[in-house]
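Okay, entry-v5.txt now, which holds compact mmCIF, C-alpha atoms and all ligand atoms:
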```
# COMPACT_ATOMS: atom_id res chain seq x y z
CA MET A 1 0.00 0.00 0.00
CA THR A 2 1.30 3.49 -0.85
CA LEU A 3 0.45 6.13 1.71
CA PHE A 4 -0.34 9.78 0.86
CA LEU A 5 -0.47 11.74 4.09
CA ASN A 6 -1.25 15.36 4.93
CA GLU A 7 -0.54 15.57 8.62
CA LYS A 8 2.21 14.51 11.03
CA THR A 9 2.16 10.73 11.31
CA THR A 10 4.13 8.49 13.66
CA PHE A 11 4.47 4.89 12.54
CA GLN A 12 5.05 2.38 15.33
CA LEU A 13 6.86 -0.38 13.51
CA PRO A 14 8.62 -3.44 14.88
CA ASN A 15 12.20 -2.37 15.66
CA ALA A 16 11.76 1.17 14.32
CA GLU A 17 10.17 4.54 14.85
CA LEU A 18 9.31 6.59 11.80
CA ILE A 19 7.79 10.09 11.79
CA TYR A 20 6.53 11.81 8.63
CA ILE A 21 5.72 15.54 8.52
CA PRO A 22 4.40 16.47 5.05
CA ASN A 23 4.36 20.27 5.35
CA PHE A 24 7.51 20.85 7.36
CA TYR A 25 8.11 23.79 4.97
CA ASN A 26 5.22 25.38 3.10
CA ASN A 27 5.18 25.38 -0.70
CA SER A 28 6.80 28.76 -1.25
CA GLN A 29 9.56 28.15 1.34
CA ALA A 30 10.18 24.74 -0.23
CA ASP A 31 10.31 26.27 -3.76
CA GLN A 32 12.92 28.77 -2.58
CA TYR A 33 15.06 26.19 -0.84
CA PHE A 34 14.91 23.91 -3.88
CA SER A 35 16.20 26.56 -6.29
CA ARG A 36 18.84 27.92 -3.87
CA LEU A 37 20.22 24.47 -3.06
CA ARG A 38 20.15 23.41 -6.72
CA LYS A 39 22.39 26.39 -7.57
CA THR A 40 24.66 26.72 -4.53
CA ILE A 41 25.46 23.16 -3.41
CA SER A 42 28.69 21.67 -4.69
CA TRP A 43 27.08 18.65 -6.42
CA GLN A 44 29.35 15.82 -7.51
CA GLN A 45 28.92 12.42 -9.12
CA ASP A 46 31.12 9.73 -7.55
CA ASP A 47 32.12 6.34 -8.87
CA ILE A 48 30.92 3.29 -6.95
CA LYS A 49 32.35 -0.19 -7.09
CA VAL A 50 29.98 -3.16 -7.23
CA PHE A 51 31.61 -6.62 -7.38
CA GLY A 52 34.85 -5.09 -8.66
CA LYS A 53 33.18 -3.11 -11.47
CA THR A 54 33.09 0.69 -11.46
CA TYR A 55 29.85 2.58 -12.14
CA LYS A 56 28.74 6.18 -11.84
CA GLN A 57 26.53 6.66 -8.79
CA PRO A 58 22.93 7.09 -10.06
CA ARG A 59 22.49 10.56 -8.48
CA LEU A 60 24.61 13.55 -7.46
CA THR A 61 25.67 14.03 -3.84
CA ALA A 62 27.40 16.47 -1.48
CA LEU A 63 28.47 16.39 2.19
CA TYR A 64 28.54 19.34 4.60
CA ALA A 65 29.43 19.24 8.30
CA ASN A 66 30.36 21.34 11.32
CA ASN A 67 33.30 19.02 12.03
CA ASN A 68 35.80 17.55 9.58
CA LYS A 69 34.69 13.93 9.99
CA PRO A 70 34.52 12.11 6.66
CA TYR A 71 31.64 9.77 5.83
CA ALA A 72 32.41 6.46 4.16
CA TYR A 73 29.80 4.22 2.50
CA SER A 74 29.67 1.93 -0.59
CA ASN A 75 33.43 2.28 -1.17
CA ILE A 76 33.12 6.10 -1.26
CA THR A 77 34.72 8.37 1.31
CA MET A 78 33.30 11.87 1.32
CA THR A 79 35.11 14.79 2.95
CA PRO A 80 32.73 17.49 4.18
CA LEU A 81 32.57 21.15 3.25
CA PRO A 82 31.66 23.66 6.02
CA PHE A 83 27.93 24.40 6.42
CA THR A 84 26.60 27.30 4.38
CA ASP A 85 24.36 29.85 6.15
CA GLU A 86 21.37 28.37 4.40
CA LEU A 87 22.18 24.81 5.51
CA LYS A 88 22.72 26.11 9.07
CA ARG A 89 19.25 27.68 9.02
CA ILE A 90 17.66 24.47 7.78
CA LYS A 91 19.62 22.41 10.33
CA THR A 92 18.32 24.56 13.20
CA ASP A 93 14.71 24.08 12.02
CA VAL A 94 15.16 20.32 11.65
CA GLU A 95 16.87 19.97 15.04
CA LYS A 96 13.92 21.63 16.83
CA THR A 97 11.47 19.15 15.36
CA ALA A 98 13.72 16.09 15.63
CA GLU A 99 14.78 17.07 19.18
CA HIS A 100 18.26 15.99 18.21
CA GLN A 101 21.52 17.74 17.25
CA PHE A 102 23.20 16.87 13.97
CA THR A 103 26.79 17.37 12.80
CA SER A 104 26.47 16.59 9.11
CA VAL A 105 24.16 16.60 6.13
CA LEU A 106 24.44 14.31 3.12
CA LEU A 107 22.58 15.78 0.13
CA ASN A 108 21.23 13.81 -2.84
CA LEU A 109 20.12 15.24 -6.19
CA TYR A 110 17.93 12.88 -8.22
CA ARG A 111 17.99 14.41 -11.71
CA ASN A 112 15.05 12.37 -13.07
CA GLY A 113 13.24 9.05 -12.58
CA ASN A 114 16.31 7.13 -13.68
CA ASP A 115 18.28 8.36 -10.65
CA SER A 116 17.83 6.25 -7.55
CA ASN A 117 19.22 5.03 -4.23
CA GLY A 118 19.31 1.22 -3.89
CA TRP A 119 18.32 -0.89 -0.86
CA HIS A 120 20.55 -0.02 2.09
CA ALA A 121 20.62 0.91 5.77
CA ASP A 122 22.43 3.89 7.20
CA ASN A 123 24.31 1.69 9.64
CA GLU A 124 27.92 2.84 9.27
CA LYS A 125 29.85 2.70 12.51
CA GLU A 126 30.51 6.45 12.58
CA LEU A 127 26.74 7.13 12.84
CA GLY A 128 26.66 5.43 16.25
CA LYS A 129 24.15 2.94 17.64
CA ASN A 130 20.47 3.62 16.81
CA PRO A 131 21.12 6.81 14.83
CA VAL A 132 18.49 9.53 14.39
CA ILE A 133 18.36 10.46 10.70
CA ALA A 134 16.21 13.37 9.51
CA SER A 135 15.46 13.40 5.80
CA LEU A 136 14.13 16.54 4.11
CA SER A 137 12.72 16.49 0.57
CA PHE A 138 12.34 19.22 -2.06
CA GLY A 139 11.13 18.96 -5.64
CA ALA A 140 9.51 16.01 -7.39
CA PRO A 141 7.72 13.61 -5.01
CA ARG A 142 9.39 10.20 -4.92
CA ALA A 143 8.46 6.85 -3.40
CA PHE A 144 10.37 5.73 -0.30
CA HIS A 145 10.30 1.95 0.20
CA PHE A 146 11.23 0.30 3.46
CA LYS A 147 11.30 -3.36 4.45
CA HIS A 148 12.22 -5.36 7.55
CA ARG A 149 15.24 -7.61 7.09
CA GLN A 150 13.55 -10.63 8.76
CA LEU A 151 9.78 -10.04 8.94
CA LYS A 152 8.77 -10.58 5.33
CA ASP A 153 5.27 -9.02 5.76
CA GLU A 154 6.78 -5.72 6.90
CA LYS A 155 7.20 -3.99 3.55
CA HIS A 156 5.87 -0.42 3.09
CA LYS A 157 5.88 2.63 0.80
CA LEU A 158 5.53 6.34 1.49
CA ILE A 159 5.51 9.26 -0.95
CA LEU A 160 8.03 11.90 0.15
CA GLU A 161 6.61 15.25 -0.87
CA HIS A 162 8.01 18.73 -1.55
CA GLY A 163 8.85 20.34 1.82
CA SER A 164 8.38 17.13 3.86
CA LEU A 165 10.50 15.80 6.72
CA LEU A 166 10.92 12.10 7.51
CA ILE A 167 12.61 11.11 10.78
CA MET A 168 14.01 7.59 11.17
CA LYS A 169 15.03 6.48 14.64
CA GLY A 170 15.16 3.68 17.19
CA GLU A 171 16.58 0.42 15.87
CA MET A 172 15.46 1.15 12.30
CA GLN A 173 18.92 1.10 10.69
CA HIS A 174 19.72 -2.29 12.22
CA TYR A 175 16.47 -4.06 11.28
CA TRP A 176 15.20 -2.29 8.15
CA LEU A 177 16.41 -1.44 4.66
CA HIS A 178 15.19 1.53 2.60
CA GLN A 179 15.44 2.67 -1.01
CA ILE A 180 14.36 5.30 -3.54
CA PRO A 181 13.52 3.17 -6.60
CA LYS A 182 13.81 4.31 -10.19
CA THR A 183 10.51 5.27 -11.86
CA LYS A 184 9.47 5.26 -15.53
CA LYS A 185 7.27 8.34 -14.94
CA ILE A 186 8.54 11.56 -16.50
CA ILE A 187 9.40 13.57 -13.42
CA GLY A 188 11.54 16.54 -12.48
CA GLU A 189 14.46 16.89 -10.12
CA ARG A 190 14.36 16.09 -6.42
CA ILE A 191 16.74 17.25 -3.70
CA ASN A 192 17.02 15.29 -0.45
CA LEU A 193 18.95 16.29 2.67
CA THR A 194 19.70 13.62 5.28
CA PHE A 195 20.90 15.10 8.55
CA ARG A 196 23.12 12.77 10.57
CA THR A 197 25.41 12.77 13.58
CA ILE A 198 28.90 11.63 12.62
CA VAL A 199 31.38 11.11 15.45
O1 LIG A 201 16.55 10.35 -0.98
C1 LIG A 201 16.05 9.88 0.04
O2 LIG A 201 14.94 10.17 0.45
C2 LIG A 201 16.82 8.86 0.84
C3 LIG A 201 18.29 9.13 0.90
C4 LIG A 201 19.01 8.07 1.67
O3 LIG A 201 18.46 7.07 2.05
C5 LIG A 201 20.42 8.27 2.01
O4 LIG A 201 21.06 9.21 1.51
O5 LIG A 201 20.95 7.45 2.78
FE FE A 202 19.59 6.08 3.56
```

Please, can you express the file's structure as structure tokens?
Ligand SMILES: O=C(O)CCC(=O)C(=O)O
Ligand SMILES: [Fe+2]
Amino acid sequence: MTLFLNEKTTFQLPNAELIYIPNFYNNSQADQYFSRLRKTISWQQDDIKVFGKTYKQPRLTALYANNNKPYAYSNITMTPLPFTDELKRIKTDVEKTAEHQFTSVLLNLYRNGNDSNGWHADNEKELGKNPVIASLSFGAPRAFHFKHRQLKDEKHKLILEHGSLLIMKGEMQHYWLHQIPKTKKIIGERINLTFRTIV
């Protein structure tokens, strides 16, 4: 089942807590952030290695942080840039709602429906045990799929809308996988910001 939601929703899932806030930013704020971030973020496309073969990552990314801790995943090590004023403002807003302090933000730019983010968990050691991850979306709505690693009936979809905030916490990164699948629909660009604490 795909859920379309218009108010704050807390999902009590086995081994996870998930909170979705559709209108974290209103439409005009979200429009402004989308176009500013599209222009000002230092977007890059990294190579990833899968079974010894090198591919271009199917999206653009960037890392910003208030410390100099790198973030390593899928054979990529990213070195952060310092937060821009705009990212600092967004971080403060997100921290109030998430009731959690973040050090870093990993940004993703999905250029069209062919860009994606495959099944994974954000379970790198440097994120700590039971990390809180706050994921902000601007631009084209995209499906977010999540499934439990062991409980085969626990498989769900959410649409992440323009200006929405999704908070993943509890044991979610240990027990669940998530992805942004490709879509054949003709859709525009989407920018996602995932705030994390990297120690
Ligand atoms: O684009 C999204 O909504 C998810 C991004 C994500 O899962 C990640 O960067 O780890
Ligand atoms: Fe993720």

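Picture a line from atom CA of Gly163 of chain A to atom CA of Gly188 of chain A; it runs 15.0 Å.
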
Go through chain A residue by residue and, counting only C-alpha atoms and all ligand atoms, keep those with an atom at most 9 Å from ligand FE 202 (chain A); for each kept residue give the shortest atom pair and its distance in Å to one decimal, ordered by chain and increasing number, as CSV.
```
residue,atom,partner,partner_atom,distance
A:Asn117,CA,A:FE202,FE,7.9
A:Gly118,CA,A:FE202,FE,8.9
A:Trp119,CA,A:FE202,FE,8.4
A:His120,CA,A:FE202,FE,6.3
A:Ala121,CA,A:FE202,FE,5.7
A:Asp122,CA,A:FE202,FE,5.1
A:Asn123,CA,A:FE202,FE,8.9
A:Ile133,CA,A:FE202,FE,8.5
A:Ser135,CA,A:FE202,FE,8.7
A:Gln173,CA,A:FE202,FE,8.7
A:Leu177,CA,A:FE202,FE,8.2
A:His178,CA,A:FE202,FE,6.4
A:Gln179,CA,A:FE202,FE,7.1
A:Ile180,CA,A:FE202,FE,8.9
A:Thr194,CA,A:FE202,FE,7.7
```

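Among A:Ile90, A:Thr61, A:Glu126, A:His156, the residue with the shortest atom-to-atom distance to ligand LIG 201 (chain A), counting all atoms listed in the file, is A:Thr61.
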
Could the centre and edge lengths of an axis-aligned box, enclosing all atoms of ligand LIG 201 (chain A) in the file with 4 Å extra on each side, be given in Å to one decimal as JSON?
```
{"center_x": 18.0, "center_y": 8.7, "center_z": 0.9, "size_x": 14.1, "size_y": 11.3, "size_z": 11.8}
```

Contact residues around segment 64-73 of chain A with all atoms listed in the file at 9 Å, ignoring same-chain residues under 5 positions, as a PyMOL selection string: chain A and resi 78-84+87+102-107+122+124+126-127+198-199

Minimum-distance residue to ligand LIG 201 (chain A), chosen among A:Met172, A:Leu166, A:Ala16, A:Leu3 (using all atoms listed in the file): A:Leu166

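The coordinates place atom CA of Asn192 of chain A at 21.2 Å from atom CA of Gly170 of chain A.
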
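Compared by their closest atoms to Glu17 of chain A, and using only C-alpha atoms, the residues A:Pro181, A:Gly113, A:Pro131, A:Pro58 rank with A:Pro131 nearest.
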
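The smallest atom-to-atom distance between ligand LIG 201 (chain A) and any of A:Lys152, A:Lys53, A:His162, A:Lys39, using all atoms listed in the file, is found for A:His162.
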
Neighbour list for Phe34 of chain A as a list of chain:residue names, cut-off 7 Å, only C-alpha atoms, skip fewer than 3 positions in-chain: A:Ala30, A:Asp31, A:Leu37, A:Arg38, A:Phe138, A:Gly139, A:Ile191

Those selected residues, please, written with C-alpha atoms and delivered as a short mmCIF file (atom, residue, chain, number, x, y, z; two decimals), keeping the file's coordinate frame.
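The resulting file, out.cif, is reproduced below:
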```cif
data_model
loop_
_atom_site.label_atom_id
_atom_site.label_comp_id
_atom_site.auth_asym_id
_atom_site.auth_seq_id
_atom_site.Cartn_x
_atom_site.Cartn_y
_atom_site.Cartn_z
CA ALA A 30 10.18 24.74 -0.23
CA ASP A 31 10.31 26.27 -3.76
CA LEU A 37 20.22 24.47 -3.06
CA ARG A 38 20.15 23.41 -6.72
CA PHE A 138 12.34 19.22 -2.06
CA GLY A 139 11.13 18.96 -5.64
CA ILE A 191 16.74 17.25 -3.70
#
```

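For the set A:Asn26, A:Thr197, A:Ser116, A:Asn130, the residue with the smallest atom-to-atom gap to ligand LIG 201 (chain A) is A:Ser116, counting only C-alpha atoms and all ligand atoms.
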
Minimum-distance residue to ligand LIG 201 (chain A), chosen among A:Lys56, A:Arg149, A:Lys157, A:Lys185 (using all atoms listed in the file): A:Lys157

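Reported to one decimal place, the separation of atom CA of Thr2 of chain A from atom CA of Leu136 of chain A is 19.0 Å.
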
Shell of 9 Å around Glu86 of chain A, only C-alpha atoms, local chain residues under 5 positions omitted, as a ChimeraX atom specification: /A:33,36-37,91
